[in-house]
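To be precise, the following lines are upload30.json, and they hold JSON, C-alpha atoms.
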[["chain", "number", "residue", "atom", "x", "y", "z"],
["A", 13, "MET", "CA", -8.36, 7.78, -16.14],
["A", 14, "LYS", "CA", -8.72, 6.01, -19.46],
["A", 15, "ARG", "CA", -5.29, 4.53, -20.24],
["A", 16, "ILE", "CA", -3.35, 3.49, -17.14],
["A", 17, "MET", "CA", 0.21, 2.22, -16.69],
["A", 18, "ILE", "CA", 1.09, 0.49, -13.41],
["A", 19, "THR", "CA", 4.60, -0.11, -12.09],
["A", 20, "GLY", "CA", 5.18, -2.86, -9.54],
["A", 21, "ALA", "CA", 2.08, -4.58, -10.90],
["A", 22, "LEU", "CA", 3.02, -7.99, -9.45],
["A", 23, "GLY", "CA", 3.45, -6.66, -5.91],
["A", 24, "GLN", "CA", 1.14, -6.74, -2.90],
["A", 25, "ILE", "CA", -1.07, -3.85, -4.01],
["A", 26, "GLY", "CA", -0.25, -3.80, -7.71],
["A", 27, "SER", "CA", -1.45, -7.34, -8.43],
["A", 28, "GLU", "CA", -4.95, -6.66, -7.14],
["A", 29, "LEU", "CA", -5.06, -3.07, -8.37],
["A", 30, "THR", "CA", -4.34, -4.26, -11.92],
["A", 31, "THR", "CA", -7.29, -6.67, -11.77],
["A", 32, "LYS", "CA", -9.65, -4.03, -10.37],
["A", 33, "LEU", "CA", -8.69, -1.35, -12.88],
["A", 34, "ARG", "CA", -9.03, -3.78, -15.79],
["A", 35, "THR", "CA", -12.52, -4.62, -14.57],
["A", 36, "ILE", "CA", -13.46, -0.94, -14.44],
["A", 37, "TYR", "CA", -11.64, 0.54, -17.44],
["A", 38, "GLY", "CA", -11.16, -2.50, -19.70],
["A", 39, "ALA", "CA", -8.28, -4.98, -19.82],
["A", 40, "ASP", "CA", -6.65, -3.41, -22.88],
["A", 41, "ASN", "CA", -6.55, 0.01, -21.19],
["A", 42, "VAL", "CA", -4.34, -1.06, -18.25],
["A", 43, "LEU", "CA", -0.66, -1.76, -18.89],
["A", 44, "ALA", "CA", 0.94, -3.79, -16.09],
["A", 45, "THR", "CA", 4.73, -3.61, -15.63],
["A", 46, "ASP", "CA", 7.11, -5.23, -13.18],
["A", 47, "ILE", "CA", 10.78, -6.16, -12.94],
["A", 48, "ARG", "CA", 9.90, -9.85, -13.30],
["A", 49, "ALA", "CA", 7.88, -11.54, -16.01],
["A", 50, "THR", "CA", 4.48, -13.16, -15.56],
["A", 51, "ASN", "CA", 2.40, -15.80, -17.33],
["A", 52, "ASP", "CA", -0.79, -13.80, -16.71],
["A", 53, "GLU", "CA", -2.36, -12.95, -20.06],
["A", 54, "SER", "CA", -5.38, -11.03, -18.75],
["A", 55, "GLY", "CA", -4.06, -7.80, -20.29],
["A", 56, "PRO", "CA", -0.96, -6.04, -21.67],
["A", 57, "PHE", "CA", 2.28, -6.53, -19.71],
["A", 58, "ASN", "CA", 5.89, -5.40, -20.06],
["A", 59, "VAL", "CA", 9.00, -6.11, -17.99],
["A", 60, "LEU", "CA", 10.27, -2.83, -16.50],
["A", 61, "ASP", "CA", 13.03, -1.95, -14.05],
["A", 62, "VAL", "CA", 11.80, 1.37, -12.61],
["A", 63, "THR", "CA", 15.39, 2.61, -12.30],
["A", 64, "ASP", "CA", 15.41, 2.72, -16.13],
["A", 65, "GLY", "CA", 13.71, 6.06, -16.66],
["A", 66, "GLN", "CA", 13.99, 6.06, -20.44],
["A", 67, "LYS", "CA", 12.25, 2.70, -20.80],
["A", 68, "MET", "CA", 9.51, 3.81, -18.38],
["A", 69, "HIS", "CA", 8.94, 6.94, -20.47],
["A", 70, "ASP", "CA", 8.94, 4.99, -23.74],
["A", 71, "LEU", "CA", 6.48, 2.36, -22.49],
["A", 72, "ALA", "CA", 4.06, 5.02, -21.24],
["A", 73, "LYS", "CA", 4.36, 6.99, -24.49],
["A", 74, "ASP", "CA", 3.87, 3.95, -26.73],
["A", 75, "PHE", "CA", 0.86, 2.87, -24.67],
["A", 76, "GLU", "CA", -0.56, 6.42, -24.84],
["A", 77, "ALA", "CA", -1.14, 6.35, -21.10],
["A", 78, "ASP", "CA", -2.94, 9.28, -19.47],
["A", 79, "THR", "CA", -2.29, 7.98, -15.93],
["A", 80, "ILE", "CA", 0.67, 6.35, -14.21],
["A", 81, "MET", "CA", 0.29, 4.50, -10.92],
["A", 82, "HIS", "CA", 3.71, 4.01, -9.39],
["A", 83, "MET", "CA", 3.49, 1.07, -6.97],
["A", 84, "ALA", "CA", 7.04, -0.35, -7.20],
["A", 85, "ALA", "CA", 8.92, -0.16, -3.86],
["A", 86, "LEU", "CA", 10.88, -2.12, -1.26],
["A", 87, "LEU", "CA", 8.79, -2.49, 1.91],
["A", 88, "SER", "CA", 9.74, -1.51, 5.45],
["A", 89, "ALA", "CA", 11.52, -4.55, 6.89],
["A", 90, "THR", "CA", 13.34, -5.30, 3.63],
["A", 91, "ALA", "CA", 14.37, -1.65, 3.33],
["A", 92, "GLU", "CA", 16.00, -1.78, 6.77],
["A", 93, "GLU", "CA", 18.07, -4.77, 5.70],
["A", 94, "LYS", "CA", 19.15, -3.05, 2.46],
["A", 95, "PRO", "CA", 18.89, 0.72, 3.05],
["A", 96, "LEU", "CA", 20.99, 1.89, 0.10],
["A", 97, "LEU", "CA", 19.11, -0.35, -2.31],
["A", 98, "ALA", "CA", 15.86, 0.95, -0.83],
["A", 99, "TRP", "CA", 16.89, 4.57, -1.41],
["A", 100, "ASN", "CA", 18.03, 3.92, -4.97],
["A", 101, "LEU", "CA", 14.95, 1.91, -5.90],
["A", 102, "ASN", "CA", 12.26, 3.79, -3.98],
["A", 103, "MET", "CA", 13.48, 7.31, -4.73],
["A", 104, "GLY", "CA", 15.10, 6.69, -8.11],
["A", 105, "GLY", "CA", 12.01, 4.89, -9.36],
["A", 106, "LEU", "CA", 9.73, 7.64, -8.04],
["A", 107, "VAL", "CA", 11.70, 10.41, -9.76],
["A", 108, "ASN", "CA", 11.61, 8.47, -13.02],
["A", 109, "ALA", "CA", 7.85, 7.98, -12.75],
["A", 110, "LEU", "CA", 7.25, 11.66, -11.93],
["A", 111, "GLU", "CA", 9.43, 12.74, -14.85],
["A", 112, "ALA", "CA", 7.57, 10.44, -17.23],
["A", 113, "ALA", "CA", 4.27, 11.86, -15.97],
["A", 114, "ARG", "CA", 5.54, 15.44, -16.36],
["A", 115, "GLU", "CA", 6.92, 14.91, -19.85],
["A", 116, "LEU", "CA", 3.80, 13.10, -21.09],
["A", 117, "ASP", "CA", 1.26, 15.15, -19.06],
["A", 118, "MET", "CA", -0.16, 12.16, -17.20],
["A", 119, "GLN", "CA", -2.17, 12.01, -13.97],
["A", 120, "PHE", "CA", 0.00, 10.49, -11.24],
["A", 121, "PHE", "CA", -0.58, 8.28, -8.18],
["A", 122, "THR", "CA", 1.84, 6.77, -5.70],
["A", 123, "PRO", "CA", 1.11, 5.45, -2.21],
["A", 124, "SER", "CA", 2.72, 6.72, 0.96],
["A", 125, "SER", "CA", 2.45, 4.92, 4.28],
["A", 126, "ILE", "CA", 2.06, 5.28, 8.03],
["A", 127, "GLY", "CA", 5.80, 4.55, 7.88],
["A", 128, "ALA", "CA", 6.18, 8.26, 7.03],
["A", 129, "PHE", "CA", 5.47, 8.98, 10.70],
["A", 130, "GLY", "CA", 8.00, 8.54, 13.49],
["A", 131, "PRO", "CA", 8.32, 8.24, 17.28],
["A", 132, "SER", "CA", 7.78, 11.98, 17.79],
["A", 133, "THR", "CA", 4.49, 11.94, 15.82],
["A", 134, "PRO", "CA", 1.33, 11.96, 17.99],
["A", 135, "LYS", "CA", 0.51, 8.25, 18.36],
["A", 136, "LYS", "CA", -3.25, 8.38, 18.83],
["A", 137, "ASN", "CA", -5.59, 9.80, 16.20],
["A", 138, "THR", "CA", -2.58, 11.05, 14.24],
["A", 139, "PRO", "CA", -3.65, 14.15, 12.29],
["A", 140, "GLN", "CA", -3.27, 14.70, 8.55],
["A", 141, "ASP", "CA", -0.70, 17.46, 8.97],
["A", 142, "THR", "CA", 1.75, 16.71, 11.77],
["A", 143, "LEU", "CA", 5.40, 16.19, 12.70],
["A", 144, "GLN", "CA", 7.06, 13.58, 10.49],
["A", 145, "ARG", "CA", 10.53, 12.43, 11.61],
["A", 146, "PRO", "CA", 10.70, 8.71, 10.74],
["A", 147, "THR", "CA", 13.61, 6.59, 11.98],
["A", 148, "THR", "CA", 13.57, 3.99, 9.18],
["A", 149, "MET", "CA", 14.87, 4.16, 5.60],
["A", 150, "TYR", "CA", 11.41, 3.22, 4.36],
["A", 151, "GLY", "CA", 9.94, 6.13, 6.33],
["A", 152, "VAL", "CA", 12.59, 8.51, 5.03],
["A", 153, "ASN", "CA", 11.73, 7.39, 1.49],
["A", 154, "LYS", "CA", 8.02, 7.95, 2.08],
["A", 155, "VAL", "CA", 8.37, 11.45, 3.56],
["A", 156, "SER", "CA", 10.74, 12.38, 0.74],
["A", 157, "GLY", "CA", 8.24, 11.00, -1.76],
["A", 158, "GLU", "CA", 5.36, 12.99, -0.27],
["A", 159, "LEU", "CA", 7.38, 16.21, -0.51],
["A", 160, "LEU", "CA", 8.56, 15.40, -4.02],
["A", 161, "CYS", "CA", 5.01, 14.78, -5.26],
["A", 162, "ASP", "CA", 3.89, 18.08, -3.70],
["A", 163, "TYR", "CA", 6.82, 19.79, -5.41],
["A", 164, "TYR", "CA", 5.90, 18.42, -8.84],
["A", 165, "PHE", "CA", 2.35, 19.69, -8.36],
["A", 166, "GLN", "CA", 3.44, 23.14, -7.19],
["A", 167, "LYS", "CA", 6.34, 23.55, -9.62],
["A", 168, "PHE", "CA", 5.01, 21.91, -12.78],
["A", 169, "GLY", "CA", 1.24, 21.68, -12.19],
["A", 170, "LEU", "CA", 1.43, 17.89, -12.37],
["A", 171, "ASP", "CA", -1.78, 16.21, -11.14],
["A", 172, "THR", "CA", -0.16, 14.17, -8.35],
["A", 173, "ARG", "CA", -2.30, 12.29, -5.85],
["A", 174, "GLY", "CA", -1.62, 9.77, -3.08],
["A", 175, "VAL", "CA", -2.71, 8.23, 0.21],
["A", 176, "ARG", "CA", -0.88, 7.13, 3.36],
["A", 177, "PHE", "CA", -1.81, 3.47, 3.62],
["A", 178, "PRO", "CA", -1.85, 1.63, 6.92],
["A", 179, "GLY", "CA", -1.02, -2.08, 6.98],
["A", 180, "LEU", "CA", -2.87, -3.79, 4.13],
["A", 181, "ILE", "CA", -4.39, -7.24, 4.52],
["A", 182, "SER", "CA", -5.14, -9.49, 1.56],
["A", 183, "TYR", "CA", -5.84, -13.14, 0.78],
["A", 184, "VAL", "CA", -4.43, -12.79, -2.77],
["A", 185, "ALA", "CA", -0.80, -11.82, -2.25],
["A", 186, "PRO", "CA", 1.33, -13.58, 0.41],
["A", 187, "PRO", "CA", 3.26, -11.51, 3.00],
["A", 188, "GLY", "CA", 5.92, -9.39, 1.31],
["A", 189, "GLY", "CA", 8.44, -8.04, 3.81],
["A", 190, "GLY", "CA", 6.35, -5.43, 5.64],
["A", 191, "THR", "CA", 6.13, -4.83, 9.38],
["A", 192, "THR", "CA", 2.34, -5.10, 9.34],
["A", 193, "ASP", "CA", 2.53, -8.40, 7.45],
["A", 194, "TYR", "CA", 1.95, -10.37, 10.64],
["A", 195, "ALA", "CA", -1.70, -9.43, 10.18],
["A", 196, "VAL", "CA", -1.67, -11.17, 6.79],
["A", 197, "ASP", "CA", 0.40, -14.18, 7.79],
["A", 198, "ILE", "CA", -1.75, -14.91, 10.83],
["A", 199, "TYR", "CA", -4.76, -15.72, 8.61],
["A", 200, "TYR", "CA", -2.73, -18.03, 6.36],
["A", 201, "LYS", "CA", -1.35, -19.88, 9.39],
["A", 202, "ALA", "CA", -4.77, -20.02, 11.07],
["A", 203, "VAL", "CA", -6.24, -21.86, 8.09],
["A", 204, "GLU", "CA", -3.20, -24.07, 7.45],
["A", 205, "GLN", "CA", -1.96, -24.85, 10.97],
["A", 206, "LYS", "CA", -4.44, -23.37, 13.49],
["A", 207, "SER", "CA", -1.49, -21.68, 15.20],
["A", 208, "TYR", "CA", 0.71, -18.64, 14.70],
["A", 209, "GLU", "CA", 3.94, -17.30, 16.21],
["A", 210, "SER", "CA", 3.74, -13.51, 16.19],
["A", 211, "PHE", "CA", 6.84, -11.41, 15.58],
["A", 212, "ILE", "CA", 4.93, -8.39, 16.94],
["A", 213, "ALA", "CA", 4.52, -8.08, 20.72],
["A", 214, "LYS", "CA", 1.28, -8.11, 22.71],
["A", 215, "GLY", "CA", -0.43, -4.76, 23.01],
["A", 216, "THR", "CA", 1.13, -3.30, 19.86],
["A", 217, "TYR", "CA", -1.59, -1.35, 18.06],
["A", 218, "MET", "CA", -1.24, -0.55, 14.36],
["A", 219, "ASP", "CA", -3.65, 0.81, 11.78],
["A", 220, "MET", "CA", -4.86, -1.65, 9.17],
["A", 221, "MET", "CA", -7.10, -1.82, 6.13],
["A", 222, "TYR", "CA", -8.58, -4.66, 4.07],
["A", 223, "MET", "CA", -7.37, -4.64, 0.48],
["A", 224, "PRO", "CA", -10.80, -4.10, -1.16],
["A", 225, "ASP", "CA", -11.11, -0.82, 0.77],
["A", 226, "ALA", "CA", -7.56, 0.19, -0.19],
["A", 227, "LEU", "CA", -8.20, -0.41, -3.90],
["A", 228, "GLN", "CA", -11.48, 1.52, -3.81],
["A", 229, "ALA", "CA", -9.72, 4.41, -2.07],
["A", 230, "ILE", "CA", -7.24, 4.66, -4.96],
["A", 231, "VAL", "CA", -10.00, 4.72, -7.57],
["A", 232, "ASP", "CA", -12.10, 7.23, -5.61],
["A", 233, "LEU", "CA", -9.18, 9.61, -5.10],
["A", 234, "MET", "CA", -8.09, 9.44, -8.73],
["A", 235, "GLU", "CA", -11.64, 10.10, -9.93],
["A", 236, "ALA", "CA", -12.22, 12.95, -7.44],
["A", 237, "ASP", "CA", -12.78, 16.51, -8.64],
["A", 238, "ALA", "CA", -9.38, 18.22, -8.43],
["A", 239, "SER", "CA", -11.00, 21.45, -7.24],
["A", 240, "ARG", "CA", -12.00, 19.71, -3.97],
["A", 241, "LEU", "CA", -8.46, 18.63, -3.13],
["A", 242, "GLU", "CA", -6.83, 21.08, -0.73],
["A", 243, "HIS", "CA", -4.29, 18.35, -0.01],
["A", 244, "ARG", "CA", -3.14, 16.28, -2.98],
["A", 245, "ASN", "CA", -0.75, 13.70, -1.67],
["A", 246, "ALA", "CA", -0.47, 11.56, 1.42],
["A", 247, "PHE", "CA", -4.09, 11.57, 2.55],
["A", 248, "ASN", "CA", -4.46, 9.62, 5.81],
["A", 249, "VAL", "CA", -6.74, 6.61, 5.25],
["A", 250, "THR", "CA", -7.59, 3.87, 7.73],
["A", 251, "ALA", "CA", -10.25, 1.30, 8.54],
["A", 252, "MET", "CA", -9.29, -0.23, 11.91],
["A", 253, "SER", "CA", -6.65, -0.34, 14.62],
["A", 254, "PHE", "CA", -5.90, -3.50, 16.60],
["A", 255, "ASP", "CA", -3.19, -5.38, 18.47],
["A", 256, "PRO", "CA", -2.21, -9.06, 17.95],
["A", 257, "GLU", "CA", -4.53, -10.27, 20.72],
["A", 258, "GLN", "CA", -7.57, -8.71, 19.07],
["A", 259, "ILE", "CA", -6.93, -10.23, 15.66],
["A", 260, "ALA", "CA", -6.39, -13.62, 17.33],
["A", 261, "ALA", "CA", -9.69, -13.25, 19.21],
["A", 262, "SER", "CA", -11.47, -12.38, 15.96],
["A", 263, "ILE", "CA", -10.07, -15.53, 14.31],
["A", 264, "GLN", "CA", -11.08, -17.68, 17.30],
["A", 265, "LYS", "CA", -14.73, -16.78, 16.65],
["A", 266, "HIS", "CA", -14.39, -18.92, 13.51],
["A", 267, "ILE", "CA", -11.57, -21.29, 14.52],
["A", 268, "PRO", "CA", -12.01, -21.82, 18.29],
["A", 269, "ASP", "CA", -8.85, -23.94, 18.72],
["A", 270, "PHE", "CA", -6.60, -21.36, 17.04],
["A", 271, "ASN", "CA", -3.55, -20.64, 19.22],
["A", 272, "MET", "CA", -1.08, -17.73, 19.06],
["A", 273, "THR", "CA", 2.37, -17.53, 20.65],
["A", 274, "TYR", "CA", 5.01, -14.80, 20.50],
["A", 275, "ARG", "CA", 8.62, -14.56, 19.38],
["A", 276, "VAL", "CA", 9.22, -10.86, 18.91],
["A", 277, "ASP", "CA", 11.48, -9.68, 16.08],
["A", 278, "PRO", "CA", 13.37, -6.68, 17.55],
["A", 279, "VAL", "CA", 13.81, -4.97, 14.17],
["A", 280, "ARG", "CA", 10.18, -5.12, 13.12],
["A", 281, "GLN", "CA", 8.98, -4.41, 16.66],
["A", 282, "ALA", "CA", 11.08, -1.23, 16.76],
["A", 283, "ILE", "CA", 9.54, -0.17, 13.45],
["A", 284, "ALA", "CA", 6.02, -0.88, 14.74],
["A", 285, "ASP", "CA", 6.69, 1.05, 17.96],
["A", 286, "SER", "CA", 7.69, 4.11, 15.93],
["A", 287, "TRP", "CA", 4.36, 4.18, 14.08],
["A", 288, "PRO", "CA", 0.97, 5.57, 15.21],
["A", 289, "ASP", "CA", -1.55, 3.46, 17.12],
["A", 290, "SER", "CA", -4.40, 5.07, 15.17],
["A", 291, "ILE", "CA", -4.73, 7.81, 12.56],
["A", 292, "ASP", "CA", -7.32, 10.46, 11.69],
["A", 293, "ALA", "CA", -8.76, 10.11, 8.17],
["A", 294, "SER", "CA", -11.24, 13.01, 8.41],
["A", 295, "VAL", "CA", -9.45, 15.11, 5.77],
["A", 296, "ALA", "CA", -9.80, 12.32, 3.16],
["A", 297, "GLN", "CA", -13.45, 11.95, 4.15],
["A", 298, "LYS", "CA", -14.05, 15.68, 3.68],
["A", 299, "GLU", "CA", -12.11, 16.28, 0.46],
["A", 300, "TRP", "CA", -13.01, 13.18, -1.60],
["A", 301, "GLY", "CA", -15.50, 11.13, 0.38],
["A", 302, "PHE", "CA", -13.23, 8.35, 1.67],
["A", 303, "LYS", "CA", -15.07, 5.65, 3.61],
["A", 304, "ALA", "CA", -13.94, 2.12, 4.53],
["A", 305, "GLN", "CA", -16.46, -0.73, 4.42],
["A", 306, "TYR", "CA", -14.69, -3.45, 6.46],
["A", 307, "ASP", "CA", -14.04, -3.58, 10.21],
["A", 308, "LEU", "CA", -11.94, -6.29, 11.90],
["A", 309, "ASP", "CA", -14.63, -8.94, 12.24],
["A", 310, "ALA", "CA", -16.01, -8.41, 8.73],
["A", 311, "MET", "CA", -12.49, -8.67, 7.32],
["A", 312, "THR", "CA", -11.72, -11.80, 9.34],
["A", 313, "ALA", "CA", -14.84, -13.58, 8.13],
["A", 314, "ASP", "CA", -14.06, -12.76, 4.50],
["A", 315, "MET", "CA", -10.32, -13.54, 4.78],
["A", 316, "LEU", "CA", -10.88, -16.98, 6.31],
["A", 317, "GLU", "CA", -13.59, -17.86, 3.79],
["A", 318, "LYS", "CA", -11.45, -16.82, 0.82],
["A", 319, "LEU", "CA", -8.29, -18.52, 2.12],
["A", 320, "LYS", "CA", -10.09, -21.82, 2.77],
["A", 321, "LYS", "CA", -11.27, -21.78, -0.86],
["A", 322, "LYS", "CA", -7.79, -20.83, -2.05],
["A", 323, "PHE", "CA", -6.11, -23.72, -0.23],
["A", 324, "MET", "CA", -8.86, -26.11, -1.31],
["A", 325, "HIS", "CA", -8.06, -25.40, -4.95],
["A", 326, "ALA", "CA", -4.28, -25.21, -4.53]]
As structure tokens, please, write out the structure in this file.
Amino acid sequence: MKRIMITGALGQIGSELTTKLRTIYGADNVLATDIRATNDESGPFNVLDVTDGQKMHDLAKDFEADTIMHMAALLSATAEEKPLLAWNLNMGGLVNALEAARELDMQFFTPSSIGAFGPSTPKKNTPQDTLQRPTTMYGVNKVSGELLCDYYFQKFGLDTRGVRFPGLISYVAPPGGGTTDYAVDIYYKAVEQKSYESFIAKGTYMDMMYMPDALQAIVDLMEADASRLEHRNAFNVTAMSFDPEQIAASIQKHIPDFNMTYRVDPVRQAIADSWPDSIDASVAQKEWGFKAQYDLDAMTADMLEKLKKKFMHA
């Protein structure tokens, strides 16, 4: 990777990925794009609607990009509210990005998700290769995307790579319409209000990862020797699995009077119930050395510290 174009660069992952890649590869070598404009002048930026394949191709060509990281997508809960929009954006945008990469011979990355699994998938220690029959539009998009990326590698020899992210937790970007976003919002509310009303029920385990680990996973996979990759797309990655009570208990070690109540959202709870409790990341460890640095308590300590500073300067 020397010249990188990112779609969805103002989103949950894209905003922090852009910063990290500019730090590593140089600000002028990372082109950020998104459907909305930004005042950030830390590096090159263009407005891009990913459903406009010709403009995506032209931007990548003009920038002389050798890598495209396609991050633009509607997340799980939003996709259930607007399923047709989700299909058109998530799949249409992905096809456009793959075509641009094929035509310009670029390396390609897009993230999948634990949303690609479904209720019939083994829930504990979910293996890399397993039954995938999701019951959400977001999940259908993700499985379709995994297969499409594999197809472009097998059919055209395109260097496609990707991971299946669990819920991602960050102090930089606010919650953005995902089912796992309760685990982001809870930290914001803990610092601001010392209380939180969870839309996810007690005892609901989901896999999670702290954003610094997620960003490093992307860089490590993209820099990995292609000859080591038996799988190419949709590598399982994870750092921790917890339920709402455990994240509340971790916060209470720092904010003893923090209180959590519950008002379960049936839509997001149904999505959460269809996902694994924990997943097996051993294939990613074997093929490209994946390793997470943060567990729940380490993440909690860092999240609370960073958010306190953020609100102090707001």
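With all atoms listed in the file as the basis for measurement, A:Pro224 is the residue among A:Pro123, A:Pro224, A:Pro56, A:Pro131 that approaches A:Tyr183 most closely.
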Quiz item: Near A:Ile291, within 12 Å and counting all atoms listed in the file, which residues show up once chain neighbours fewer than 4 positions away are dropped, as a PyMOL selection string?
Solution: chain A and resi 125-127+129+133-142+176-179+217-221+247-253+287+295-296
Practice problem: Please check which residues have atoms at most 12 Å from (9.7, 12.9, -2.4) in the file's coordinates, counting all atoms listed in the file, and write them as a ChimeraX atom specification. | Solution: /A:99,102-110,122-124,128,150-165,172,174,245-246
Per-residue nearest contacts of stretch 108-191 of chain A to stretch 300-323 of chain A (10 Å; all atoms listed in the file) as JSON lines:
{"residue": "A:Ile181", "atom": "CA", "partner": "A:Met315", "partner_atom": "CA", "distance": 8.7}
{"residue": "A:Ser182", "atom": "CA", "partner": "A:Met315", "partner_atom": "CA", "distance": 7.3}
{"residue": "A:Tyr183", "atom": "CA", "partner": "A:Met315", "partner_atom": "CA", "distance": 6.0}
{"residue": "A:Val184", "atom": "CA", "partner": "A:Leu319", "partner_atom": "CA", "distance": 8.5}
For C-alpha atoms, I'd like the residues from the last selection saved as a PDB file, keeping the file's coordinate frame.
ATOM      1  CA  ILE A 181      -4.390  -7.240   4.520  1.00  0.00           C
ATOM      2  CA  SER A 182      -5.140  -9.490   1.560  1.00  0.00           C
ATOM      3  CA  TYR A 183      -5.840 -13.140   0.780  1.00  0.00           C
ATOM      4  CA  VAL A 184      -4.430 -12.790  -2.770  1.00  0.00           C
TER       5      VAL A 184
END
Quiz item: From the set A:Ala112, A:Leu96, A:Ala226, A:Gln166, which residue has the shortest atom-to-atom contact distance to A:Glu28, counting only C-alpha atoms?
Solution: A:Ala226
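Atom CA of A:Pro288 is positioned 11.1 Å from atom CA of A:Gln144.
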Practice problem: With a distance cut-off of 9 Å and all atoms listed in the file, select the neighbouring residues of A:Arg48, excluding the residue or stretch itself and same-chain residues fewer than 5 positions from it, and output the selection as an MDAnalysis selection string. | Solution: chainID A and resid 22 59:61
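Nearest to A:Asp193 of all the residues A:Gln264, A:Ser210, A:Gln228, A:Thr147 is A:Ser210, based on only C-alpha atoms.
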What's around A:Pro187 at 8 Å? Count all atoms listed in the file, leave out sequence neighbours fewer than 5 positions away in its own chain, and write the answer as a PDB file with C-alpha atoms, in the coordinates of the input.
ATOM      1  CA  GLN A  24       1.140  -6.740  -2.900  1.00  0.00           C
ATOM      2  CA  ASP A 193       2.530  -8.400   7.450  1.00  0.00           C
ATOM      3  CA  TYR A 194       1.950 -10.370  10.640  1.00  0.00           C
ATOM      4  CA  VAL A 196      -1.670 -11.170   6.790  1.00  0.00           C
ATOM      5  CA  ASP A 197       0.400 -14.180   7.790  1.00  0.00           C
TER       6      ASP A 197
END
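Atom CA of A:Val231 is positioned 12.7 Å from atom CA of A:Ile80.
Checking A:Arg173, A:Ser132, A:Asn100, A:Lys167 one by one against A:Leu241, counting only C-alpha atoms, you find the shortest gap at A:Arg173.
Atom CA of A:Ile16 sits 10.2 Å away from atom CA of A:Gly38.
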Quiz item: Within 10 Å of A:Thr31, counting only C-alpha atoms, which residues qualify if same-chain residues fewer than 2 places away don't, as number ranges by chain?
Solution: A: 21, 26-29, 33-36, 38-39, 42, 44, 54-55
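Between A:Pro146 and the residues A:Asp277, A:Asp46, A:Glu53, A:Asp285, the shortest atom-to-atom distance, using all atoms listed in the file, involves A:Asp285.
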Quiz item: Neighbours of A:Met17 within 8 Å (only C-alpha atoms; same-chain residues fewer than 2 positions away dropped), as a ChimeraX atom specification?
Solution: /A:15,19,42-45,72,77,79-81
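Comparing A:Thr50, A:Thr191, A:Ser294, A:Thr63 by their smallest distance to A:Arg280, the closest is A:Thr191 (using all atoms listed in the file).
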